[in-house]
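Shown next: work32.cif, containing mmCIF, C-alpha atoms.
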data_data
loop_
_atom_site.label_atom_id
_atom_site.label_comp_id
_atom_site.auth_asym_id
_atom_site.auth_seq_id
_atom_site.Cartn_x
_atom_site.Cartn_y
_atom_site.Cartn_z
CA MET A 22 -42.84 -18.68 -8.96
CA SER A 23 -44.98 -15.62 -9.53
CA GLU A 24 -48.00 -17.55 -8.30
CA LEU A 25 -46.10 -18.27 -5.09
CA GLY A 26 -45.57 -14.55 -4.49
CA TYR A 27 -42.09 -14.11 -5.99
CA ASN A 28 -41.73 -10.86 -7.95
CA LEU A 29 -39.01 -11.86 -10.42
CA GLU A 30 -36.73 -9.17 -11.87
CA ASP A 31 -34.82 -10.11 -15.04
CA TYR A 32 -31.00 -9.89 -14.85
CA GLY A 33 -30.00 -11.76 -18.00
CA ASP A 34 -28.99 -15.29 -16.99
CA HIS A 35 -30.85 -15.12 -13.68
CA TRP A 36 -33.77 -13.56 -11.81
CA ARG A 37 -33.64 -11.65 -8.55
CA THR A 38 -36.42 -11.45 -6.02
CA SER A 39 -37.08 -11.25 -2.30
CA ALA A 40 -36.87 -14.41 -0.19
CA VAL A 41 -40.63 -14.80 0.18
CA TYR A 42 -40.31 -18.20 1.86
CA ARG A 43 -38.72 -16.56 4.94
CA GLY A 44 -40.57 -13.26 4.75
CA GLY A 45 -37.60 -11.37 3.33
CA LYS A 46 -38.10 -7.82 2.05
CA ASN A 47 -34.83 -7.19 0.13
CA ALA A 48 -35.86 -7.38 -3.56
CA SER A 49 -32.40 -8.64 -4.61
CA ALA A 50 -31.58 -11.14 -1.86
CA LEU A 51 -32.69 -14.26 -3.76
CA GLN A 52 -31.00 -15.13 -7.07
CA ILE A 53 -32.42 -17.88 -9.32
CA TYR A 54 -30.55 -19.13 -12.40
CA LYS A 55 -32.80 -19.41 -15.45
CA ASP A 56 -31.16 -22.44 -17.06
CA SER A 57 -31.25 -24.74 -14.06
CA GLY A 58 -33.34 -23.21 -11.28
CA VAL A 59 -30.38 -23.34 -8.90
CA TRP A 60 -30.78 -20.54 -6.38
CA ILE A 61 -28.89 -18.80 -3.61
CA ASP A 62 -30.26 -16.67 -0.78
CA TYR A 63 -27.71 -13.95 0.02
CA GLY A 64 -29.66 -12.90 3.08
CA GLY A 65 -30.01 -16.49 4.30
CA ASP A 66 -27.44 -19.27 4.44
CA ASN A 67 -25.60 -18.11 1.27
CA GLU A 68 -25.53 -21.64 -0.21
CA PHE A 69 -26.40 -22.82 -3.71
CA ARG A 70 -29.47 -25.07 -3.67
CA LYS A 71 -31.72 -26.97 -6.06
CA LEU A 72 -35.00 -25.56 -7.33
CA SER A 73 -36.88 -28.37 -5.62
CA ASP A 74 -35.62 -27.09 -2.25
CA LEU A 75 -37.03 -23.63 -2.93
CA LEU A 76 -40.33 -25.03 -4.14
CA ASN A 77 -40.62 -27.19 -1.03
CA LEU A 78 -39.90 -24.19 1.20
CA SER A 79 -42.54 -22.26 -0.73
CA ASN A 80 -45.16 -25.02 -0.35
CA TYR A 81 -45.34 -25.74 -4.10
CA THR A 82 -47.49 -28.80 -4.89
CA GLY A 83 -47.05 -29.07 -8.68
CA THR A 84 -44.43 -30.91 -10.75
CA PHE A 85 -41.46 -29.72 -12.81
CA THR A 86 -38.71 -31.25 -15.00
CA LEU A 87 -35.18 -30.26 -16.01
CA SER A 88 -33.39 -31.09 -19.27
CA SER A 89 -30.02 -32.88 -19.23
CA SER A 90 -28.19 -29.58 -19.96
CA GLN A 91 -30.03 -27.87 -17.12
CA LEU A 92 -29.15 -30.72 -14.77
CA SER A 93 -25.50 -30.36 -15.78
CA ARG A 94 -25.60 -26.63 -15.00
CA GLU A 95 -27.28 -27.35 -11.68
CA ARG A 96 -24.58 -29.83 -10.68
CA GLU A 97 -21.88 -27.33 -11.68
CA LEU A 98 -23.30 -24.59 -9.47
CA ILE A 99 -24.02 -26.66 -6.40
CA SER A 100 -20.63 -28.41 -6.61
CA LEU A 101 -18.71 -25.37 -5.41
CA GLU A 102 -17.12 -27.63 -2.84
CA GLU A 103 -16.28 -26.06 0.48
CA LYS A 104 -13.56 -27.64 2.61
CA LEU A 105 -13.98 -27.23 6.34
CA PHE A 106 -11.42 -27.46 9.15
CA THR A 107 -11.45 -27.38 12.93
CA GLU A 108 -9.27 -25.23 15.16
CA ASP A 109 -7.04 -28.26 15.74
CA SER A 110 -5.41 -27.46 12.39
CA LEU A 111 -3.99 -24.26 13.91
CA ARG A 112 -1.68 -26.25 16.18
CA LYS A 113 0.76 -26.56 13.28
CA LEU A 114 1.24 -22.77 13.11
CA ILE A 115 4.18 -21.26 15.00
CA PRO A 116 3.24 -18.12 17.00
CA ASN A 117 6.18 -16.10 15.65
CA TYR A 118 4.88 -12.54 15.18
CA SER A 119 8.17 -10.81 14.33
CA PHE A 120 7.33 -10.22 10.64
CA TYR A 121 4.24 -8.15 11.39
CA MET A 122 5.51 -6.60 14.60
CA LYS A 123 8.28 -5.04 12.49
CA LYS A 124 5.43 -3.47 10.54
CA ASN A 125 4.14 -1.98 13.81
CA ILE A 126 1.25 -4.43 14.21
CA SER A 127 0.71 -5.25 17.89
CA GLU A 128 0.95 -8.76 19.29
CA ALA A 129 -2.57 -8.37 20.70
CA THR A 130 -3.99 -7.82 17.20
CA LEU A 131 -2.03 -10.75 15.75
CA ARG A 132 -3.27 -13.02 18.52
CA PHE A 133 -6.85 -11.94 17.85
CA PHE A 134 -6.49 -12.88 14.16
CA LYS A 135 -5.11 -16.27 15.32
CA GLY A 136 -2.35 -16.44 12.70
CA GLY A 137 1.06 -18.07 12.78
CA VAL A 138 3.94 -19.18 10.58
CA ALA A 139 3.60 -22.43 8.61
CA MET A 140 6.75 -24.58 8.65
CA SER A 141 5.51 -27.18 6.18
CA GLY A 142 2.93 -27.81 3.48
CA SER A 143 1.78 -25.63 0.59
CA LEU A 144 1.84 -22.50 2.78
CA TYR A 145 5.40 -23.10 4.04
CA GLY A 146 7.26 -19.91 4.90
CA ARG A 147 4.09 -17.86 5.20
CA PHE A 148 2.29 -16.16 8.05
CA VAL A 149 -1.03 -17.95 7.80
CA PHE A 150 -4.44 -16.59 8.78
CA PRO A 151 -7.39 -18.97 9.28
CA ILE A 152 -10.61 -17.89 7.56
CA TYR A 153 -13.41 -18.41 10.07
CA LYS A 154 -17.05 -19.14 9.44
CA GLN A 155 -19.51 -19.18 12.31
CA ASN A 156 -19.29 -21.67 15.18
CA ARG A 157 -15.46 -21.74 15.15
CA VAL A 158 -15.41 -23.53 11.78
CA ILE A 159 -12.61 -22.67 9.32
CA ASN A 160 -13.13 -22.78 5.54
CA GLY A 161 -9.72 -21.74 4.28
CA PHE A 162 -6.35 -20.15 4.96
CA SER A 163 -4.53 -17.14 3.55
CA GLY A 164 -0.76 -16.89 3.83
CA ARG A 165 1.64 -13.93 3.49
CA ASP A 166 5.18 -14.78 2.40
CA VAL A 167 7.64 -13.90 5.18
CA LEU A 168 10.82 -15.23 3.50
CA ASN A 169 10.93 -12.52 0.80
CA ARG A 170 11.26 -15.14 -1.96
CA ASP A 171 11.72 -13.58 -5.41
CA GLN A 172 9.49 -16.00 -7.30
CA ALA A 173 6.86 -16.47 -4.63
CA PRO A 174 3.59 -14.47 -4.73
CA LYS A 175 3.12 -12.16 -1.77
CA TRP A 176 -0.17 -13.82 -0.81
CA LYS A 177 -1.28 -17.39 -1.34
CA HIS A 178 -4.77 -18.68 -0.60
CA PHE A 179 -5.76 -22.22 0.34
CA CYS A 180 -9.37 -23.24 -0.54
CA ASN A 181 -12.00 -21.28 -2.47
CA ARG A 182 -11.85 -17.62 -1.48
CA ARG A 183 -15.17 -16.99 -3.29
CA LEU A 184 -16.73 -18.70 -0.27
CA TRP A 185 -15.01 -16.48 2.27
CA ALA A 186 -16.69 -13.75 4.32
CA TYR A 187 -13.91 -12.35 6.54
CA PRO A 188 -13.03 -11.38 9.29
CA PHE A 189 -16.55 -11.18 10.70
CA PHE A 190 -16.61 -14.50 12.53
CA ILE A 191 -13.20 -14.64 14.19
CA PRO A 192 -14.08 -15.55 17.79
CA ASP A 193 -12.54 -13.61 20.63
CA GLU A 194 -11.54 -15.20 23.93
CA ASP A 195 -15.17 -15.32 25.04
CA GLY A 196 -16.37 -16.78 21.74
CA ASN A 197 -17.97 -13.52 20.59
CA TYR A 198 -17.70 -12.19 17.04
CA LEU A 199 -16.12 -8.82 17.80
CA VAL A 200 -15.85 -7.56 14.20
CA ASP A 201 -19.40 -8.59 13.32
CA GLU A 202 -20.67 -6.89 16.49
CA LYS A 203 -18.77 -3.68 15.70
CA ILE A 204 -20.24 -3.58 12.20
CA ARG A 205 -23.81 -4.19 13.32
CA LYS A 206 -23.57 -1.70 16.18
CA SER A 207 -22.05 1.08 14.06
CA LYS A 208 -24.21 0.18 11.00
CA GLU A 209 -21.08 0.80 8.93
CA ILE A 210 -18.57 -1.46 7.20
CA VAL A 211 -15.26 -0.49 5.56
CA LEU A 212 -14.15 -2.82 2.75
CA MET A 213 -10.44 -3.22 1.94
CA GLU A 214 -8.33 -5.45 -0.28
CA SER A 215 -6.14 -7.53 2.02
CA ILE A 216 -5.66 -8.97 5.49
CA GLY A 217 -2.61 -6.71 5.83
CA ASP A 218 -4.94 -3.71 5.50
CA ALA A 219 -7.30 -5.25 8.04
CA LEU A 220 -4.51 -5.74 10.58
CA SER A 221 -3.47 -2.11 10.34
CA CYS A 222 -7.06 -0.88 10.59
CA PHE A 223 -7.83 -3.12 13.56
CA ASP A 224 -4.66 -2.00 15.33
CA ASN A 225 -5.65 1.65 14.81
CA GLY A 226 -9.16 1.26 16.19
CA VAL A 227 -11.05 0.71 12.92
CA LYS A 228 -12.67 -2.65 13.62
CA ASN A 229 -15.82 -2.53 11.47
CA ILE A 230 -13.91 -4.02 8.54
CA GLY A 231 -14.32 -6.48 5.67
CA VAL A 232 -11.70 -7.98 3.34
CA THR A 233 -12.33 -8.48 -0.39
CA PHE A 234 -9.15 -10.52 -1.06
CA GLY A 235 -8.48 -8.56 -4.23
CA LEU A 236 -10.38 -6.15 -6.42
CA ASP A 237 -13.76 -7.88 -6.59
CA ILE A 238 -16.53 -8.53 -4.10
CA SER A 239 -17.28 -12.25 -3.84
CA LYS A 240 -20.77 -13.69 -3.61
CA ALA A 241 -20.03 -14.79 -0.04
CA LEU A 242 -19.11 -11.23 0.95
CA LEU A 243 -22.16 -9.88 -0.88
CA GLY A 244 -24.27 -12.34 1.07
CA TYR A 245 -22.88 -11.00 4.33
CA LEU A 246 -23.53 -7.41 3.27
CA LEU A 247 -27.12 -8.26 2.43
CA SER A 248 -27.57 -9.77 5.89
CA LEU A 249 -26.72 -6.42 7.49
CA ASP A 250 -28.95 -3.46 8.18
CA ALA A 251 -26.05 -1.15 7.37
CA ASP A 252 -26.40 2.56 6.75
CA ARG A 253 -22.92 2.95 5.28
CA ILE A 254 -20.84 0.65 3.07
CA VAL A 255 -17.45 2.31 2.54
CA LEU A 256 -15.26 1.09 -0.33
CA SER A 257 -11.61 1.59 0.62
CA THR A 258 -9.57 -0.31 -1.95
CA ASN A 259 -5.92 0.59 -2.46
CA ASN A 260 -5.00 4.10 -3.56
CA ASP A 261 -2.39 2.93 -6.07
CA ASN A 262 -1.30 4.76 -9.24
CA ASN A 263 0.84 2.72 -11.63
CA LYS A 264 3.37 4.02 -14.14
CA ASP A 265 0.58 4.75 -16.63
CA GLY A 266 -1.31 6.83 -14.10
CA LEU A 267 -4.04 4.21 -13.66
CA ASN A 268 -5.32 3.88 -10.12
CA SER A 269 -6.53 0.27 -10.22
CA GLY A 270 -7.84 0.51 -6.66
CA PHE A 271 -10.04 3.49 -7.54
CA CYS A 272 -11.25 1.73 -10.72
CA SER A 273 -12.16 -1.27 -8.59
CA ALA A 274 -13.99 0.93 -6.08
CA ILE A 275 -16.02 2.51 -8.89
CA LYS A 276 -16.88 -0.87 -10.39
CA ASN A 277 -17.87 -2.36 -7.03
CA TYR A 278 -19.93 0.75 -6.25
CA LEU A 279 -21.89 0.22 -9.47
CA ILE A 280 -22.37 -3.49 -8.72
CA LEU A 281 -23.51 -2.85 -5.16
CA SER A 282 -25.91 -0.13 -6.36
CA GLN A 283 -27.97 -2.97 -7.83
CA PHE A 284 -28.53 -4.30 -4.31
CA PHE A 285 -28.34 -1.22 -2.06
CA SER A 286 -29.54 2.35 -2.20
CA THR A 287 -26.75 4.69 -3.36
CA ASP A 288 -27.22 6.80 -0.23
CA LYS A 289 -25.63 3.88 1.64
CA LEU A 290 -22.60 3.54 -0.67
CA PHE A 291 -19.40 5.58 -0.34
CA ILE A 292 -15.85 5.57 -1.70
CA CYS A 293 -13.04 6.65 0.61
CA LEU A 294 -9.57 5.42 -0.37
CA PRO A 295 -6.65 5.27 2.08
CA THR A 296 -4.59 8.46 2.39
CA LYS A 297 -1.53 6.47 1.28
CA ASN A 298 -1.14 3.50 -1.07
CA ASP A 299 -2.95 1.21 1.37
CA PHE A 300 -3.86 1.01 5.04
CA GLY A 301 -0.70 -0.98 5.76
CA ASP A 302 1.39 2.09 4.89
CA MET A 303 -0.52 4.36 7.25
CA ASN A 304 0.48 5.46 10.76
CA PRO A 305 -1.87 6.76 13.49
CA ALA A 306 -1.69 10.32 12.13
CA ASP A 307 -2.63 9.04 8.67
CA PHE A 308 -5.63 7.20 10.12
CA SER A 309 -6.78 10.41 11.78
CA LYS A 310 -6.62 12.16 8.39
CA TRP A 311 -8.45 9.28 6.71
CA SER A 312 -11.17 9.34 9.37
CA SER A 313 -11.73 13.08 8.82
CA LYS A 314 -11.78 12.51 5.05
CA LYS A 315 -14.36 9.74 5.48
CA GLU A 316 -16.66 11.90 7.56
CA LYS A 317 -16.63 14.59 4.85
CA ILE A 318 -17.44 12.01 2.18
CA LEU A 319 -20.26 10.54 4.26
CA GLY A 320 -21.79 14.00 4.40
CA ASP A 321 -21.32 14.75 0.69
CA LYS A 322 -24.78 14.92 -0.89
CA ASP A 323 -23.24 15.03 -4.38
CA GLN A 324 -21.17 11.85 -4.08
CA VAL A 325 -23.39 9.86 -6.45
CA GLU A 326 -22.87 12.54 -9.10
CA HIS A 327 -19.10 12.42 -8.54
CA VAL A 328 -19.07 8.62 -8.87
CA ALA A 329 -21.18 8.72 -12.04
CA LYS A 330 -18.84 11.24 -13.67
CA ALA A 331 -15.75 9.24 -12.68
CA ALA A 332 -17.34 6.04 -13.98
CA GLU A 333 -18.21 7.65 -17.32
CA LYS A 334 -14.60 8.75 -17.78
CA MET A 335 -13.31 5.28 -16.88
CA ILE A 336 -15.72 3.63 -19.30
CA GLU A 337 -14.57 5.96 -22.08
CA LYS A 338 -10.94 5.05 -21.32
CA LYS A 339 -11.90 1.35 -21.17
CA GLN A 340 -10.74 1.16 -17.56
CA VAL A 341 -14.22 -0.02 -16.58
CA PRO A 342 -16.19 -2.40 -18.87
CA GLN A 343 -18.83 -0.93 -21.18
CA LYS A 344 -21.50 -3.15 -19.62
CA TYR A 345 -21.57 -0.84 -16.59
CA ARG A 346 -22.74 2.15 -18.64
CA LYS A 347 -26.37 1.12 -18.11
CA ILE A 348 -25.89 1.13 -14.33
CA VAL A 349 -24.32 4.59 -14.49
CA CYS A 350 -27.44 5.85 -16.25
CA GLN A 351 -29.58 4.26 -13.52
CA ILE A 352 -27.82 5.96 -10.62
CA LYS A 353 -27.54 9.46 -12.19
#

Once more with this new file: its structure as C-alpha cells, please.
Amino acid sequence: MSELGYNLEDYGDHWRTSAVYRGGKNASALQIYKDSGVWIDYGGDNEFRKLSDLLNLSNYTGTFTLSSSQLSRERELISLEEKLFTEDSLRKLIPNYSFYMKKNISEATLRFFKGGVAMSGSLYGRFVFPIYKQNRVINGFSGRDVLNRDQAPKWKHFCNRRLWAYPFFIPDEDGNYLVDEKIRKSKEIVLMESIGDALSCFDNGVKNIGVTFGLDISKALLGYLLSLDADRIVLSTNNDNNKDGLNSGFCSAIKNYLILSQFFSTDKLFICLPTKNDFGDMNPADFSKWSSKKEKILGDKDQVEHVAKAAEKMIEKKQVPQKYRKIVCQIK
C-alpha cells in the first residue's frame, strides 16, 4: 500500500490513511483492517469493501492471498446487511400528530420529518420516523411510544442504526436536502441524542442538526462528518444528572470529543449542552439562552484545556475509559 502512495498510520487493529485513489486529503478518511484488508472510506460511499476493490481502484498489478481466518473476518465486516425501503412503506403510517403537537412541535415540522403512527407490526403504537438515505431511499425506522406503556421502551429502532446518518437526507417538497444544505452553508453541525431533540431544534430554527441515536457516534455518522468541510462540530448531548451526580450526557460529549479529535482539529470541536435536560424540554427563550451560550463557547480559546481537565477527572473517576488517557495527552 505504501508503494501505491498510501501513508498508513497504525491504530491497533487497523490503519488509517487518506483516500489516495480518489485524491482525498483527509489523513483519517480511509480505514483498513489489518487482519482481513477490509476497508471503508468515510469520505466516500461509507461502505465496507474487500481489499481487492481498493487495489483495483489503486491500479495494483500484483497478487495477494488471505488466510481462512482473514476471509472469515472479511465476510463478517462486509455482511453488515442494510435493508432498504421505498417511500411506499410510509403509506401504512397514520398522520396523527397529536402526541408531538401537545409537546409544542408544529405540524409543519412533523410533516417535514414525514412521520406517522404505526397501527400494526413491531412498531405498533409508536410515532414512526423514516430514516432517509440519499435519493429518497429509506434504510430504517425509529419509533417513539405514544401509548405510555409501562414495559415498553421509549424508543424502538427497526434495522441497523449503525448505518444511519440522519436527518441530513430527508427530502423537502422540492426534493432538496434542507438539513444537509443548512449544515454545508453554515459550516456548522450540532449533534444531539434523539429525534425528539431534533424536532424541537428544527421547530426553533436550529436546522443544522445531526442525531446520534444514543451516546455514541456511529461509523455512518462519522462518515458524514468527514464528508463535510465544517468549521464547527458542536456536541450537544443531554444535560442529565442522575441521583449519583453523574451527567452521562456530558461524559458522552467528552468521550466523543476525544474520539473526533483523532479525525478533526480540536479548533473545530466544541461542547455545548442544552440549557435544560435536553432540547425537548426547552422553549424559545431557552433556545435563545443556549444560542448565546454556544457563541461564547465557540469563541473560547481555552476550550481544549477545559475539555482535557474534565476528561482527566472523568478518567480518574472511571466515568470515561482509561484508554482515552493517551488521547487527552495528545490534545493538551

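Evaluating the PyMOL selection byres ((chain A and resi 288) around 10) against the shown model yields Asp252, Arg253, Ile254, Ser282, Phe285, Ser286, Thr287, Lys289, Leu290, Phe291, Leu319, Asp321, Lys322, Gln324 and Val325 of chain A.
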
Point to revise | Closest of A:Leu29, A:Leu267, A:Ala329, A:Ile115 to Ala48 (chain A) - atom-to-atom distances counting all atoms listed in the file | key: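 Checking each of A:Leu29, A:Leu267, A:Ala329, A:Ile115 against Ala48 (chain A), counting all atoms listed in the file, the winner is A:Leu29.
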
Practice item. Dump as a list in words all residues having an atom at most 10 Å from (-44.6, -21.9, 1.3), computed in the file's coordinates with only C-alpha atoms. Key: Leu25, Gly26, Val41, Tyr42, Arg43, Leu75, Leu76, Asn77, Leu78, Ser79, Asn80, Tyr81 and Thr82 of chain A

Revision key, fill the gap. Using only C-alpha atoms, the best pick from A:Ala274, A:Phe300, A:Lys175, A:Ala139 as closest to Val227 (chain A) would be A:Phe300

Practice item. Can you work out which one of A:Met303, A:Val211, A:Leu247, A:Ile336 has the shortest atom-to-atom distance to Ala50 (chain A), counting all atoms listed in the file? Key: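 Looking only at the distances to Ala50 (chain A), the closest residue turns out to be A:Leu247.
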
Revision key, fill the gap. Using all atoms listed in the file, the best pick from A:Ser143, A:Ser110, A:Asn229, A:Gln52 as closest to Arg157 (chain A) would be A:Ser110

Review point. Which of these residues is nearest to Ser248 (chain A), using only C-alpha atoms: A:Leu236, A:Ala332, A:Ala219, A:Ile204?
Key: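 Of all the options, A:Ile204 lies closest to Ser248 (chain A).
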
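Taking CA of Asn298 (chain A) and CA of Asn260 (chain A) as endpoints, the distance between them is 4.6 Å.
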
Point to revise | Selection result for the PyMOL selection byres ((chain A and resi 116) around 7) on this file, as a list in words | key: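 Applied to this file, the PyMOL selection byres ((chain A and resi 116) around 7) returns Leu114, Ile115, Asn117, Tyr118, Gly137 and Val138 of chain A.
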
Give me the result of the PyMOL selection byres ((chain A and resi 71) around 8) on this file, residue by residue, as an mmCIF file with C-alpha atoms, in the frame of the given file.
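File written: result-v6.cif
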data_model
loop_
_atom_site.group_PDB
_atom_site.id
_atom_site.type_symbol
_atom_site.label_atom_id
_atom_site.label_comp_id
_atom_site.auth_asym_id
_atom_site.auth_seq_id
_atom_site.Cartn_x
_atom_site.Cartn_y
_atom_site.Cartn_z
ATOM 1 C CA GLY A 58 -33.340 -23.210 -11.280
ATOM 2 C CA VAL A 59 -30.380 -23.340 -8.900
ATOM 3 C CA TRP A 60 -30.780 -20.540 -6.380
ATOM 4 C CA PHE A 69 -26.400 -22.820 -3.710
ATOM 5 C CA ARG A 70 -29.470 -25.070 -3.670
ATOM 6 C CA LEU A 72 -35.000 -25.560 -7.330
ATOM 7 C CA SER A 73 -36.880 -28.370 -5.620
ATOM 8 C CA ASP A 74 -35.620 -27.090 -2.250
ATOM 9 C CA LEU A 75 -37.030 -23.630 -2.930
ATOM 10 C CA GLU A 95 -27.280 -27.350 -11.680
ATOM 11 C CA ILE A 99 -24.020 -26.660 -6.400
#

Practice item. To one decimal in Å, tell me the separation between CA of Glu108 (chain A) and CA of Glu209 (chain A). Key: 29.3 Å

**Study point:** d(CA of Phe134 (chain A), CA of Leu220 (chain A)) in Å
**Key:** 8.2 Å

Practice item. Mind checking which residues fall within 8 Å of Leu294 (chain A), counting all atoms listed in the file, ignoring those fewer than 3 positions away in the same chain, and posting them as number ranges by chain? Key: A: 256-260, 271

Using the selection just defined, write its residues with C-alpha atoms as a JSON list (two decimals), in the coordinates of the input.
[["chain", "number", "residue", "atom", "x", "y", "z"],
["A", 256, "LEU", "CA", -15.26, 1.09, -0.33],
["A", 257, "SER", "CA", -11.61, 1.59, 0.62],
["A", 258, "THR", "CA", -9.57, -0.31, -1.95],
["A", 259, "ASN", "CA", -5.92, 0.59, -2.46],
["A", 260, "ASN", "CA", -5.00, 4.10, -3.56],
["A", 271, "PHE", "CA", -10.04, 3.49, -7.54]]

Review point. If you count only C-alpha atoms, which residues fall within 12 Å of Gly231 (chain A), apart from same-chain ones fewer than 4 positions away, as a PyMOL selection string?
Key: chain A and resi 185-191+200-201+203-204+209-220+222-223+227+235+238-239+241-243+245-246+254-258

Exercise for review: Name the closest residue to Lys240 (chain A) among the candidates A:Glu316, A:Asp62, A:Asp109, A:Asp195; distances are taken between atoms, counting only C-alpha atoms.
Suggested key: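 Smallest separation from Lys240 (chain A) among the options: A:Asp62.
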
Where atoms are lacking, region 140-165 of chain A completed to N, CA and C atoms, as a PDB file, keeping the file's coordinate frame:
ATOM      1  N   MET A 140       5.408 -24.030   8.860  1.00  0.00           N
ATOM      2  CA  MET A 140       6.750 -24.580   8.650  1.00  0.00           C
ATOM      3  C   MET A 140       6.749 -25.769   7.708  1.00  0.00           C
ATOM      4  N   SER A 141       5.588 -26.070   7.128  1.00  0.00           N
ATOM      5  CA  SER A 141       5.510 -27.180   6.180  1.00  0.00           C
ATOM      6  C   SER A 141       4.252 -27.003   5.331  1.00  0.00           C
ATOM      7  N   GLY A 142       4.125 -27.839   4.312  1.00  0.00           N
ATOM      8  CA  GLY A 142       2.930 -27.810   3.480  1.00  0.00           C
ATOM      9  C   GLY A 142       2.971 -26.739   2.404  1.00  0.00           C
ATOM     10  N   SER A 143       1.841 -26.555   1.715  1.00  0.00           N
ATOM     11  CA  SER A 143       1.780 -25.630   0.590  1.00  0.00           C
ATOM     12  C   SER A 143       1.914 -24.169   1.002  1.00  0.00           C
ATOM     13  N   LEU A 144       1.710 -23.864   2.286  1.00  0.00           N
ATOM     14  CA  LEU A 144       1.840 -22.500   2.780  1.00  0.00           C
ATOM     15  C   LEU A 144       3.124 -22.306   3.584  1.00  0.00           C
ATOM     16  N   TYR A 145       4.107 -23.178   3.340  1.00  0.00           N
ATOM     17  CA  TYR A 145       5.400 -23.100   4.040  1.00  0.00           C
ATOM     18  C   TYR A 145       6.026 -21.715   3.862  1.00  0.00           C
ATOM     19  N   GLY A 146       6.575 -21.196   4.948  1.00  0.00           N
ATOM     20  CA  GLY A 146       7.260 -19.910   4.900  1.00  0.00           C
ATOM     21  C   GLY A 146       6.315 -18.729   4.813  1.00  0.00           C
ATOM     22  N   ARG A 147       5.078 -18.930   5.254  1.00  0.00           N
ATOM     23  CA  ARG A 147       4.090 -17.860   5.200  1.00  0.00           C
ATOM     24  C   ARG A 147       3.455 -17.670   6.581  1.00  0.00           C
ATOM     25  N   PHE A 148       3.096 -16.419   6.859  1.00  0.00           N
ATOM     26  CA  PHE A 148       2.290 -16.160   8.050  1.00  0.00           C
ATOM     27  C   PHE A 148       0.856 -16.423   7.638  1.00  0.00           C
ATOM     28  N   VAL A 149       0.260 -17.429   8.259  1.00  0.00           N
ATOM     29  CA  VAL A 149      -1.030 -17.950   7.800  1.00  0.00           C
ATOM     30  C   VAL A 149      -2.165 -17.485   8.716  1.00  0.00           C
ATOM     31  N   PHE A 150      -3.235 -17.030   8.068  1.00  0.00           N
ATOM     32  CA  PHE A 150      -4.440 -16.590   8.780  1.00  0.00           C
ATOM     33  C   PHE A 150      -5.580 -17.559   8.482  1.00  0.00           C
ATOM     34  N   PRO A 151      -6.221 -18.110   9.505  1.00  0.00           N
ATOM     35  CA  PRO A 151      -7.390 -18.970   9.280  1.00  0.00           C
ATOM     36  C   PRO A 151      -8.601 -18.124   8.923  1.00  0.00           C
ATOM     37  N   ILE A 152      -9.403 -18.595   7.978  1.00  0.00           N
ATOM     38  CA  ILE A 152     -10.610 -17.890   7.560  1.00  0.00           C
ATOM     39  C   ILE A 152     -11.799 -18.545   8.266  1.00  0.00           C
ATOM     40  N   TYR A 153     -12.349 -17.842   9.230  1.00  0.00           N
ATOM     41  CA  TYR A 153     -13.410 -18.410  10.070  1.00  0.00           C
ATOM     42  C   TYR A 153     -14.801 -18.205   9.478  1.00  0.00           C
ATOM     43  N   LYS A 154     -15.607 -19.260   9.591  1.00  0.00           N
ATOM     44  CA  LYS A 154     -17.050 -19.140   9.440  1.00  0.00           C
ATOM     45  C   LYS A 154     -17.616 -19.065  10.862  1.00  0.00           C
ATOM     46  N   GLN A 155     -18.914 -19.175  10.983  1.00  0.00           N
ATOM     47  CA  GLN A 155     -19.510 -19.180  12.310  1.00  0.00           C
ATOM     48  C   GLN A 155     -19.237 -20.499  13.034  1.00  0.00           C
ATOM     49  N   ASN A 156     -19.426 -20.481  14.339  1.00  0.00           N
ATOM     50  CA  ASN A 156     -19.290 -21.670  15.180  1.00  0.00           C
ATOM     51  C   ASN A 156     -17.881 -22.254  15.167  1.00  0.00           C
ATOM     52  N   ARG A 157     -16.872 -21.372  15.060  1.00  0.00           N
ATOM     53  CA  ARG A 157     -15.460 -21.740  15.150  1.00  0.00           C
ATOM     54  C   ARG A 157     -15.049 -22.738  14.053  1.00  0.00           C
ATOM     55  N   VAL A 158     -15.756 -22.713  12.933  1.00  0.00           N
ATOM     56  CA  VAL A 158     -15.410 -23.530  11.780  1.00  0.00           C
ATOM     57  C   VAL A 158     -14.547 -22.708  10.831  1.00  0.00           C
ATOM     58  N   ILE A 159     -13.544 -23.336  10.226  1.00  0.00           N
ATOM     59  CA  ILE A 159     -12.610 -22.670   9.320  1.00  0.00           C
ATOM     60  C   ILE A 159     -12.830 -23.198   7.905  1.00  0.00           C
ATOM     61  N   ASN A 160     -12.938 -22.312   6.920  1.00  0.00           N
ATOM     62  CA  ASN A 160     -13.130 -22.780   5.540  1.00  0.00           C
ATOM     63  C   ASN A 160     -12.051 -22.295   4.586  1.00  0.00           C
ATOM     64  N   GLY A 161     -10.859 -22.080   5.121  1.00  0.00           N
ATOM     65  CA  GLY A 161      -9.720 -21.740   4.280  1.00  0.00           C
ATOM     66  C   GLY A 161      -8.617 -21.055   5.048  1.00  0.00           C
ATOM     67  N   PHE A 162      -7.500 -20.809   4.353  1.00  0.00           N
ATOM     68  CA  PHE A 162      -6.350 -20.150   4.960  1.00  0.00           C
ATOM     69  C   PHE A 162      -5.729 -19.207   3.932  1.00  0.00           C
ATOM     70  N   SER A 163      -5.215 -18.094   4.412  1.00  0.00           N
ATOM     71  CA  SER A 163      -4.530 -17.140   3.550  1.00  0.00           C
ATOM     72  C   SER A 163      -3.152 -16.872   4.143  1.00  0.00           C
ATOM     73  N   GLY A 164      -2.114 -16.995   3.311  1.00  0.00           N
ATOM     74  CA  GLY A 164      -0.760 -16.890   3.830  1.00  0.00           C
ATOM     75  C   GLY A 164       0.073 -15.805   3.159  1.00  0.00           C
ATOM     76  N   ARG A 165       0.755 -14.998   3.971  1.00  0.00           N
ATOM     77  CA  ARG A 165       1.640 -13.930   3.490  1.00  0.00           C
ATOM     78  C   ARG A 165       3.075 -14.417   3.558  1.00  0.00           C
TER      79      ARG A 165
END
